[in-house]
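File shown here: data_39.cif, holding mmCIF, C-alpha atoms and all ligand atoms.
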data_final
#
loop_
_atom_site.label_atom_id
_atom_site.label_comp_id
_atom_site.auth_asym_id
_atom_site.auth_seq_id
_atom_site.Cartn_x
_atom_site.Cartn_y
_atom_site.Cartn_z
CA MET A 143 15.42 -40.19 7.41
CA ARG A 144 13.00 -38.87 9.99
CA LEU A 145 14.89 -35.62 10.20
CA ASP A 146 14.89 -35.36 6.42
CA SER A 147 11.15 -35.69 6.12
CA LEU A 148 10.65 -33.28 9.01
CA PHE A 149 12.83 -30.77 7.17
CA LEU A 150 10.87 -31.39 3.98
CA SER A 151 7.50 -30.83 5.62
CA ALA A 152 8.86 -27.60 7.14
CA ILE A 153 9.71 -26.38 3.64
CA VAL A 154 6.35 -27.44 2.22
CA LEU A 155 4.59 -25.79 5.14
CA SER A 156 6.39 -22.48 4.74
CA ALA A 157 5.79 -22.49 0.97
CA CYS A 158 2.09 -23.00 1.63
CA THR A 159 1.85 -20.20 4.15
CA SER A 160 3.62 -17.71 1.93
CA ALA A 161 1.40 -18.63 -1.04
CA SER A 162 -1.72 -18.32 1.04
CA ASP A 163 -1.34 -15.05 2.91
CA PRO A 164 -4.48 -12.87 2.69
CA VAL A 165 -3.04 -10.63 -0.04
CA SER A 166 -2.18 -13.53 -2.40
CA ARG A 167 -5.48 -15.21 -1.66
CA GLY A 168 -7.23 -11.93 -2.41
CA LYS A 169 -5.33 -11.63 -5.68
CA SER A 170 -6.34 -15.16 -6.75
CA ARG A 171 -9.95 -14.42 -5.89
CA PHE A 172 -9.82 -11.12 -7.79
CA VAL A 173 -8.72 -13.01 -10.91
CA GLY A 174 -11.01 -16.03 -10.30
CA MET A 175 -14.11 -13.92 -9.69
CA GLY A 176 -13.72 -12.16 -13.03
CA CYS A 177 -13.00 -8.66 -11.72
CA LEU A 178 -10.57 -8.19 -14.62
CA THR A 179 -13.38 -8.46 -17.16
CA CYS A 180 -14.44 -4.92 -16.18
CA HIS A 181 -11.34 -3.55 -14.43
CA ARG A 182 -7.71 -3.12 -15.37
CA VAL A 183 -4.74 -3.60 -13.01
CA GLY A 184 -1.49 -2.59 -14.72
CA GLU A 185 -1.28 -4.55 -17.96
CA ARG A 186 -3.82 -7.13 -16.78
CA GLY A 187 -7.47 -6.93 -17.71
CA GLY A 188 -8.39 -3.99 -19.85
CA GLY A 189 -12.15 -4.14 -19.56
CA GLN A 190 -13.59 -0.66 -19.97
CA ALA A 191 -16.86 -1.25 -18.14
CA GLY A 192 -15.33 -0.10 -14.85
CA PRO A 193 -12.49 2.16 -13.66
CA ASP A 194 -8.82 1.21 -13.73
CA LEU A 195 -7.86 -0.20 -10.31
CA THR A 196 -4.05 0.10 -10.59
CA THR A 197 -4.00 2.92 -7.98
CA VAL A 198 -7.11 1.91 -6.03
CA GLY A 199 -5.10 1.42 -2.81
CA LEU A 200 -3.78 5.00 -3.12
CA ARG A 201 -7.16 6.56 -3.58
CA HIS A 202 -9.38 4.70 -1.11
CA SER A 203 -9.17 3.58 2.50
CA ALA A 204 -9.60 -0.10 3.34
CA GLN A 205 -12.72 0.97 5.24
CA TRP A 206 -14.35 2.42 2.11
CA LEU A 207 -13.25 -0.55 -0.03
CA ASP A 208 -14.88 -2.91 2.44
CA GLN A 209 -18.10 -0.93 2.45
CA TRP A 210 -18.14 -0.78 -1.37
CA MET A 211 -17.57 -4.51 -1.76
CA LYS A 212 -20.28 -5.32 0.79
CA ASN A 213 -22.93 -3.59 -1.27
CA PRO A 214 -21.96 -1.23 -4.11
CA LYS A 215 -25.62 -0.35 -4.76
CA GLU A 216 -26.02 0.95 -1.25
CA TRP A 217 -23.27 3.49 -1.98
CA LYS A 218 -24.25 4.17 -5.62
CA PRO A 219 -27.72 2.87 -6.50
CA ASP A 220 -27.27 3.07 -10.31
CA THR A 221 -23.87 1.32 -10.41
CA ALA A 222 -23.13 -1.37 -13.00
CA MET A 223 -20.82 -3.11 -10.51
CA PRO A 224 -22.37 -6.45 -9.48
CA THR A 225 -23.01 -7.18 -5.80
CA TYR A 226 -20.96 -10.18 -4.67
CA ASN A 227 -22.56 -11.95 -1.75
CA VAL A 228 -19.34 -13.34 -0.32
CA GLY A 229 -18.47 -13.98 3.33
CA ASP A 230 -16.56 -11.52 5.52
CA ASP A 231 -13.34 -13.56 5.13
CA VAL A 232 -13.39 -13.50 1.33
CA ARG A 233 -14.23 -9.79 1.27
CA ALA A 234 -11.38 -9.09 3.70
CA GLU A 235 -8.95 -10.87 1.34
CA LEU A 236 -10.15 -8.91 -1.69
CA VAL A 237 -9.76 -5.67 0.29
CA ALA A 238 -6.29 -6.68 1.57
CA TYR A 239 -5.19 -7.24 -2.03
CA MET A 240 -6.70 -4.00 -3.37
CA ASP A 241 -5.14 -2.06 -0.51
CA THR A 242 -1.71 -3.01 -1.92
CA LEU A 243 -2.49 -1.55 -5.37
CA LYS A 244 -0.58 1.75 -5.18
CA GLY A 245 0.14 2.28 -8.86
CA LYS A 246 3.60 0.67 -8.94
CA GLU A 247 3.05 -0.77 -12.45
CA TYR A 248 2.41 2.72 -13.80
CA ARG A 249 5.43 4.27 -12.08
CA ASP A 250 7.62 1.49 -13.47
CA HIS A 251 6.00 1.55 -16.95
CA PRO A 252 3.87 4.67 -17.48
CA PRO A 253 1.18 3.81 -20.09
CA TRP A 254 1.06 7.42 -21.31
CA ASN A 255 4.58 7.92 -22.66
CA SER A 256 4.29 6.73 -26.27
CA GLY A 257 5.70 9.19 -28.82
CA LYS A 258 2.19 9.77 -30.16
CA LEU A 259 0.78 10.73 -26.74
CA LYS A 260 3.82 12.84 -25.88
CA ALA A 261 3.14 14.88 -29.01
CA ASP A 262 -0.45 15.56 -27.89
CA PRO A 263 -0.60 16.96 -24.31
CA GLU A 264 -4.40 16.91 -24.13
CA LYS A 265 -4.65 13.24 -25.21
CA ARG A 266 -1.80 12.33 -22.86
CA GLY A 267 -3.59 14.14 -20.03
CA GLU A 268 -6.77 12.22 -20.82
CA ARG A 269 -4.84 8.93 -20.62
CA ILE A 270 -3.33 9.97 -17.28
CA TYR A 271 -6.81 10.92 -16.02
CA SER A 272 -8.34 7.56 -16.86
CA ARG A 273 -5.41 5.32 -15.90
CA THR A 274 -4.73 6.94 -12.52
CA GLY A 275 -8.45 6.69 -11.76
CA CYS A 276 -9.49 10.34 -11.38
CA GLY A 277 -12.69 9.26 -13.11
CA ALA A 278 -13.44 6.65 -10.45
CA CYS A 279 -14.44 9.59 -8.23
CA HIS A 280 -15.11 12.45 -10.66
CA GLY A 281 -16.72 10.34 -13.38
CA PRO A 282 -15.55 9.68 -16.94
CA ARG A 283 -14.56 13.03 -18.50
CA GLY A 284 -15.08 14.69 -15.11
CA LYS A 285 -18.84 14.62 -15.51
CA GLY A 286 -19.44 14.01 -11.79
CA GLY A 287 -22.45 12.28 -10.28
CA TYR A 288 -20.47 10.15 -7.81
CA PRO A 289 -21.71 10.05 -4.21
CA ASN A 290 -19.98 10.97 -0.96
CA ASN A 291 -21.35 10.82 2.57
CA ASN A 292 -21.83 13.84 4.80
CA VAL A 293 -20.95 16.54 2.25
CA VAL A 294 -23.18 19.36 1.05
CA GLY A 295 -24.95 18.11 -2.09
CA HIS A 296 -23.96 14.45 -1.31
CA GLN A 297 -21.60 14.36 -4.31
CA ILE A 298 -17.94 14.49 -5.24
CA PRO A 299 -17.49 17.63 -7.41
CA SER A 300 -17.70 17.42 -11.19
CA LEU A 301 -14.58 18.72 -12.96
CA ALA A 302 -16.35 19.88 -16.11
CA LEU A 303 -15.97 23.56 -15.27
CA VAL A 304 -12.64 23.72 -13.42
CA ARG A 305 -11.24 25.99 -16.14
CA ASP A 306 -13.66 28.69 -14.92
CA GLY A 307 -12.85 28.30 -11.21
CA PHE A 308 -9.08 27.68 -11.08
CA THR A 309 -5.89 29.02 -12.60
CA ARG A 310 -3.41 26.36 -13.78
CA GLU A 311 -1.31 27.01 -10.68
CA GLU A 312 -4.26 26.67 -8.31
CA LEU A 313 -5.37 23.49 -10.01
CA LYS A 314 -1.87 22.01 -9.78
CA GLU A 315 -1.72 22.84 -6.08
CA ARG A 316 -5.12 21.27 -5.39
CA ILE A 317 -4.25 18.04 -7.24
CA ALA A 318 -0.80 17.86 -5.64
CA GLN A 319 -2.01 18.38 -2.07
CA GLY A 320 -5.44 16.73 -2.19
CA ARG A 321 -8.18 17.81 0.18
CA ARG A 322 -10.40 16.43 2.90
CA PRO A 323 -13.99 17.60 2.31
CA GLU A 324 -15.66 19.62 5.05
CA PRO A 325 -18.33 17.52 6.75
CA ALA A 326 -21.81 18.94 6.17
CA ASP A 327 -22.70 17.89 9.72
CA PRO A 328 -19.72 17.83 12.11
CA ALA A 329 -21.65 15.56 14.48
CA GLN A 330 -21.85 12.79 11.81
CA PRO A 331 -18.99 10.50 10.62
CA PRO A 332 -16.61 12.41 8.28
CA PRO A 333 -16.79 11.94 4.48
CA LEU A 334 -15.33 8.54 3.54
CA VAL A 335 -14.08 9.69 0.13
CA VAL A 336 -11.34 12.31 0.17
CA MET A 337 -9.36 13.96 -2.63
CA PRO A 338 -6.03 12.06 -2.45
CA PRO A 339 -2.73 13.99 -2.71
CA TRP A 340 -1.00 13.14 -6.02
CA LYS A 341 2.31 14.97 -5.47
CA ASP A 342 4.28 11.78 -4.77
CA PHE A 343 2.73 9.94 -7.69
CA LEU A 344 2.52 12.32 -10.65
CA THR A 345 5.62 13.94 -12.14
CA GLU A 346 5.73 17.61 -13.13
CA ASP A 347 5.17 16.97 -16.86
CA GLU A 348 2.34 14.51 -16.17
CA MET A 349 0.66 17.11 -13.97
CA GLU A 350 0.98 19.76 -16.73
CA ASP A 351 -0.66 17.52 -19.36
CA LEU A 352 -3.37 16.45 -16.92
CA ILE A 353 -4.22 20.11 -16.35
CA THR A 354 -4.29 20.79 -20.08
CA TYR A 355 -6.82 17.97 -20.35
CA LEU A 356 -8.91 19.25 -17.40
CA PHE A 357 -9.02 22.70 -19.00
CA SER A 358 -10.45 21.13 -22.18
CA LEU A 359 -13.45 19.61 -20.34
CA ARG A 360 -17.00 20.75 -20.92
CA PRO A 361 -20.22 19.49 -19.29
CA ALA A 362 -21.29 16.18 -20.91
CA GLU A 363 -23.70 16.42 -23.81
CA LYS A 364 -24.39 12.70 -24.09
CA PRO A 365 -25.87 11.18 -20.93
CA ASN A 366 -23.89 7.91 -20.99
CA GLU A 367 -20.35 8.49 -22.11
CA GLU A 368 -18.11 5.43 -21.94
CA TRP A 369 -15.13 5.03 -19.62
CA ASP A 370 -12.23 6.36 -21.65
CA GLN A 371 -9.20 4.20 -21.09
C1 LIG B 401 -19.71 -5.80 -14.82
C2 LIG B 401 -18.52 -5.03 -14.60
C3 LIG B 401 -17.85 -5.11 -13.24
C4 LIG B 401 -17.34 -6.23 -12.62
C5 LIG B 401 -17.37 -7.67 -13.08
C6 LIG B 401 -16.69 -5.74 -11.42
N1 LIG B 401 -16.82 -4.39 -11.31
FE1 LIG B 401 -16.00 -3.21 -9.89
N2 LIG B 401 -16.87 -1.57 -10.75
C7 LIG B 401 -17.60 -1.56 -11.90
C8 LIG B 401 -18.03 -0.21 -12.20
C9 LIG B 401 -18.86 0.25 -13.38
C10 LIG B 401 -17.50 0.60 -11.16
C11 LIG B 401 -17.59 2.14 -11.00
C12 LIG B 401 -18.78 2.57 -10.26
C13 LIG B 401 -19.82 3.11 -11.19
O1 LIG B 401 -19.48 3.89 -12.09
O2 LIG B 401 -20.97 2.75 -11.05
C14 LIG B 401 -16.76 -0.28 -10.28
C15 LIG B 401 -16.07 0.15 -9.16
C16 LIG B 401 -15.26 -0.66 -8.39
C17 LIG B 401 -14.47 -0.18 -7.29
C18 LIG B 401 -14.35 1.26 -6.83
C19 LIG B 401 -13.25 1.94 -7.61
C20 LIG B 401 -12.98 3.35 -7.15
O3 LIG B 401 -11.83 3.75 -7.15
O4 LIG B 401 -13.92 4.06 -6.78
C21 LIG B 401 -13.83 -1.26 -6.76
C22 LIG B 401 -12.89 -1.26 -5.59
C23 LIG B 401 -14.24 -2.42 -7.53
N3 LIG B 401 -15.11 -2.01 -8.52
C24 LIG B 401 -13.81 -3.70 -7.29
C25 LIG B 401 -14.26 -4.82 -8.00
C26 LIG B 401 -13.92 -6.18 -7.64
C27 LIG B 401 -13.01 -6.58 -6.50
C28 LIG B 401 -14.55 -6.99 -8.54
C29 LIG B 401 -14.56 -8.49 -8.60
C30 LIG B 401 -14.93 -9.18 -7.37
C31 LIG B 401 -15.28 -6.12 -9.46
N4 LIG B 401 -15.09 -4.82 -9.08
C32 LIG B 401 -16.04 -6.57 -10.52
C33 LIG B 401 -17.90 -2.66 -12.68
C34 LIG B 401 -17.53 -3.96 -12.41
C1 LIG B 402 -10.92 8.84 -4.11
C2 LIG B 402 -11.69 9.80 -4.85
C3 LIG B 402 -10.96 10.81 -5.68
C4 LIG B 402 -10.02 10.59 -6.66
C5 LIG B 402 -9.45 9.28 -7.15
C6 LIG B 402 -9.68 11.88 -7.18
N1 LIG B 402 -10.40 12.85 -6.55
FE1 LIG B 402 -10.38 14.84 -6.92
N2 LIG B 402 -11.66 15.18 -5.40
C7 LIG B 402 -12.24 14.21 -4.61
C8 LIG B 402 -13.06 14.85 -3.62
C9 LIG B 402 -13.87 14.14 -2.53
C10 LIG B 402 -12.96 16.23 -3.83
C11 LIG B 402 -13.63 17.35 -3.04
C12 LIG B 402 -12.66 17.84 -1.97
C13 LIG B 402 -13.19 19.05 -1.26
O1 LIG B 402 -14.27 18.95 -0.68
O2 LIG B 402 -12.54 20.09 -1.34
C14 LIG B 402 -12.08 16.40 -4.97
C15 LIG B 402 -11.73 17.63 -5.52
C16 LIG B 402 -10.99 17.80 -6.66
C17 LIG B 402 -10.76 19.06 -7.31
C18 LIG B 402 -11.32 20.40 -6.87
C19 LIG B 402 -12.66 20.57 -7.54
C20 LIG B 402 -13.49 21.69 -6.99
O3 LIG B 402 -14.32 22.21 -7.75
O4 LIG B 402 -13.36 22.00 -5.79
C21 LIG B 402 -9.99 18.82 -8.41
C22 LIG B 402 -9.49 19.82 -9.43
C23 LIG B 402 -9.73 17.39 -8.45
N3 LIG B 402 -10.37 16.81 -7.38
C24 LIG B 402 -8.99 16.75 -9.43
C25 LIG B 402 -8.66 15.40 -9.41
C26 LIG B 402 -7.74 14.78 -10.32
C27 LIG B 402 -7.06 15.45 -11.50
C28 LIG B 402 -7.65 13.46 -9.96
C29 LIG B 402 -6.76 12.39 -10.55
C30 LIG B 402 -5.33 12.65 -10.55
C31 LIG B 402 -8.54 13.28 -8.83
N4 LIG B 402 -9.12 14.48 -8.51
C32 LIG B 402 -8.75 12.08 -8.19
C33 LIG B 402 -12.06 12.86 -4.72
C34 LIG B 402 -11.19 12.23 -5.61
#
Kindly return the structure encoded in the file as structure tokens.
Amino acid sequence: MRLDSLFLSAIVLSACTSASDPVSRGKSRFVGMGCLTCHRVGERGGGQAGPDLTTVGLRHSAQWLDQWMKNPKEWKPDTAMPTYNVGDDVRAELVAYMDTLKGKEYRDHPPWNSGKLKADPEKRGERIYSRTGCGACHGPRGKGGYPNNNVVGHQIPSLALVRDGFTREELKERIAQGRRPEPADPAQPPPLVVMPPWKDFLTEDEMEDLITYLFSLRPAEKPNEEWDQ
């Protein structure tokens, strides 16, 4: 009897610990705090007010995520992302969860392979651009305006004119390999946002359609274009 209940409490205990590791707690908080009203993760959410977060753990370091969550307006003063005044422990759980988001849902079920999109490379490229989160750094439709620290001009480059500066091959190489920006001042901390390498994530045909889309871009004419999802 005693042994039985001991055994039972061991099971209950282990179930509790596995359900309450930092990543699962972070996931519950992410849902509970309403992040999905503006952000998408795989098939969940679908709000268009903010960028898709399905690959956020591929594109950002935990260090940057922590800094962003602490005070998004400090990083980007005009952001529509609310500031959440949560404690260090809660923020650490949210970051631990987001750090695990490496785009698995989209590798398992790419949301850009419908027959209709496959027949229209530019539209398919646009879908790949928004769902993989290129726009989280380069802005919707590559319009730019997103900050970086310790780089000349303080901004991540706009992509609106890449067709003038790159051949298709050069563009493919840059996206595949990624790039660490040169620090403007080598004595200061290096830029926290880097161009991630996409070679292990995007397939050859996805890369081709993405480039077709990038070559179609022009500088924005309307000041506030929506996030295209
Ligand atoms: C009212 C809409 C809104 C809500 C709610 C919201 N965000 Fe955001 N979030 C944004 C916007 C907009 C951006 C993009 C920055 C910009 O364009 O100003 C963003 C950016 C981000 C980024 C950076 C993405 C990247 O790759 O650069 C992360 C991480 C993030 N949000 C996490 C969260 C978390 C976690 C929550 C919930 C606790 C949340 N957001 C709730 C609007 C929102
Ligand atoms: C986490 C932020 C981030 C994400 C996400 C991101 N980039 Fe970048 N990208 C950068 C930064 C920073 C640079 C500048 C690197 C440098 O200084 O050379 C850059 C540079 C580039 C350049 C070269 C532009 C130029 O004029 O030098 C291209 C092209 C590009 N990115 C395309 C993409 C595409 C396509 C995606 C999505 C598959 C993407 N990026 C996702 C941060 C990002």
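In this structure, CA of Asp231 in chain A sits 25.7 Å away from CA of Pro333 in chain A.
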Could you put an axis-aligned box around every listed atom of range 256-259 of chain A, padded by 8 Å on each side, and send me its centre and edge lengths in Å to one decimal, as AutoDock Vina command-line options?
--center_x 3.2 --center_y 8.7 --center_z -28.2 --size_x 20.9 --size_y 20.0 --size_z 19.9
**Request:** Residues within 6 Å of ligand LIG 401 (chain B) should be enumerated using only C-alpha atoms and all ligand atoms and returned as a PyMOL selection string.
**Result:** chain A and resi 172+175-177+179-180+191-193+198+207+221-224+278-279
What are the closest atom pairs, with distances in Å to one decimal, for all residues of chain A lying within 7 Å of ligand LIG 402 (chain B)? Consider only C-alpha atoms and all ligand atoms, order rows by chain and residue number, and present the result as JSON lines.
{"residue": "A:Arg201", "atom": "CA", "partner": "B:LIG402", "partner_atom": "C1", "distance": 4.4}
{"residue": "A:His202", "atom": "CA", "partner": "B:LIG402", "partner_atom": "C1", "distance": 5.3}
{"residue": "A:Tyr271", "atom": "CA", "partner": "B:LIG402", "partner_atom": "C29", "distance": 5.7}
{"residue": "A:Thr274", "atom": "CA", "partner": "B:LIG402", "partner_atom": "C30", "distance": 6.1}
{"residue": "A:Gly275", "atom": "CA", "partner": "B:LIG402", "partner_atom": "C5", "distance": 5.4}
{"residue": "A:Cys276", "atom": "CA", "partner": "B:LIG402", "partner_atom": "C29", "distance": 3.5}
{"residue": "A:Gly277", "atom": "CA", "partner": "B:LIG402", "partner_atom": "C5", "distance": 6.8}
{"residue": "A:Ala278", "atom": "CA", "partner": "B:LIG402", "partner_atom": "C5", "distance": 5.8}
{"residue": "A:Cys279", "atom": "CA", "partner": "B:LIG402", "partner_atom": "C2", "distance": 4.4}
{"residue": "A:His280", "atom": "CA", "partner": "B:LIG402", "partner_atom": "N1", "distance": 6.3}
{"residue": "A:Ile298", "atom": "CA", "partner": "B:LIG402", "partner_atom": "C9", "distance": 4.9}
{"residue": "A:Pro299", "atom": "CA", "partner": "B:LIG402", "partner_atom": "O3", "distance": 5.6}
{"residue": "A:Ser300", "atom": "CA", "partner": "B:LIG402", "partner_atom": "O3", "distance": 6.8}
{"residue": "A:Leu301", "atom": "CA", "partner": "B:LIG402", "partner_atom": "C19", "distance": 6.0}
{"residue": "A:Val304", "atom": "CA", "partner": "B:LIG402", "partner_atom": "O3", "distance": 6.1}
{"residue": "A:Leu313", "atom": "CA", "partner": "B:LIG402", "partner_atom": "C22", "distance": 5.5}
{"residue": "A:Arg316", "atom": "CA", "partner": "B:LIG402", "partner_atom": "C22", "distance": 6.1}
{"residue": "A:Ile317", "atom": "CA", "partner": "B:LIG402", "partner_atom": "C24", "distance": 5.4}
{"residue": "A:Arg321", "atom": "CA", "partner": "B:LIG402", "partner_atom": "C12", "distance": 5.0}
{"residue": "A:Arg322", "atom": "CA", "partner": "B:LIG402", "partner_atom": "C12", "distance": 5.6}
{"residue": "A:Pro323", "atom": "CA", "partner": "B:LIG402", "partner_atom": "O1", "distance": 3.3}
{"residue": "A:Glu324", "atom": "CA", "partner": "B:LIG402", "partner_atom": "O1", "distance": 5.9}
{"residue": "A:Val335", "atom": "CA", "partner": "B:LIG402", "partner_atom": "C9", "distance": 5.2}
{"residue": "A:Val336", "atom": "CA", "partner": "B:LIG402", "partner_atom": "C9", "distance": 4.1}
{"residue": "A:Met337", "atom": "CA", "partner": "B:LIG402", "partner_atom": "C7", "distance": 3.5}
{"residue": "A:Pro338", "atom": "CA", "partner": "B:LIG402", "partner_atom": "C6", "distance": 6.0}
{"residue": "A:Trp340", "atom": "CA", "partner": "B:LIG402", "partner_atom": "C30", "distance": 6.3}
{"residue": "A:Leu352", "atom": "CA", "partner": "B:LIG402", "partner_atom": "C27", "distance": 6.6}
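Within the 8 Å cut-off around range 234-238 of chain A, using all atoms listed in the file and omitting residues fewer than 5 positions from it on the same chain, the listed residues are Pro164, Val165, Arg167, Gly168, Lys169, Arg171, Phe172, Ala204, Leu207 and Asp208 of chain A.
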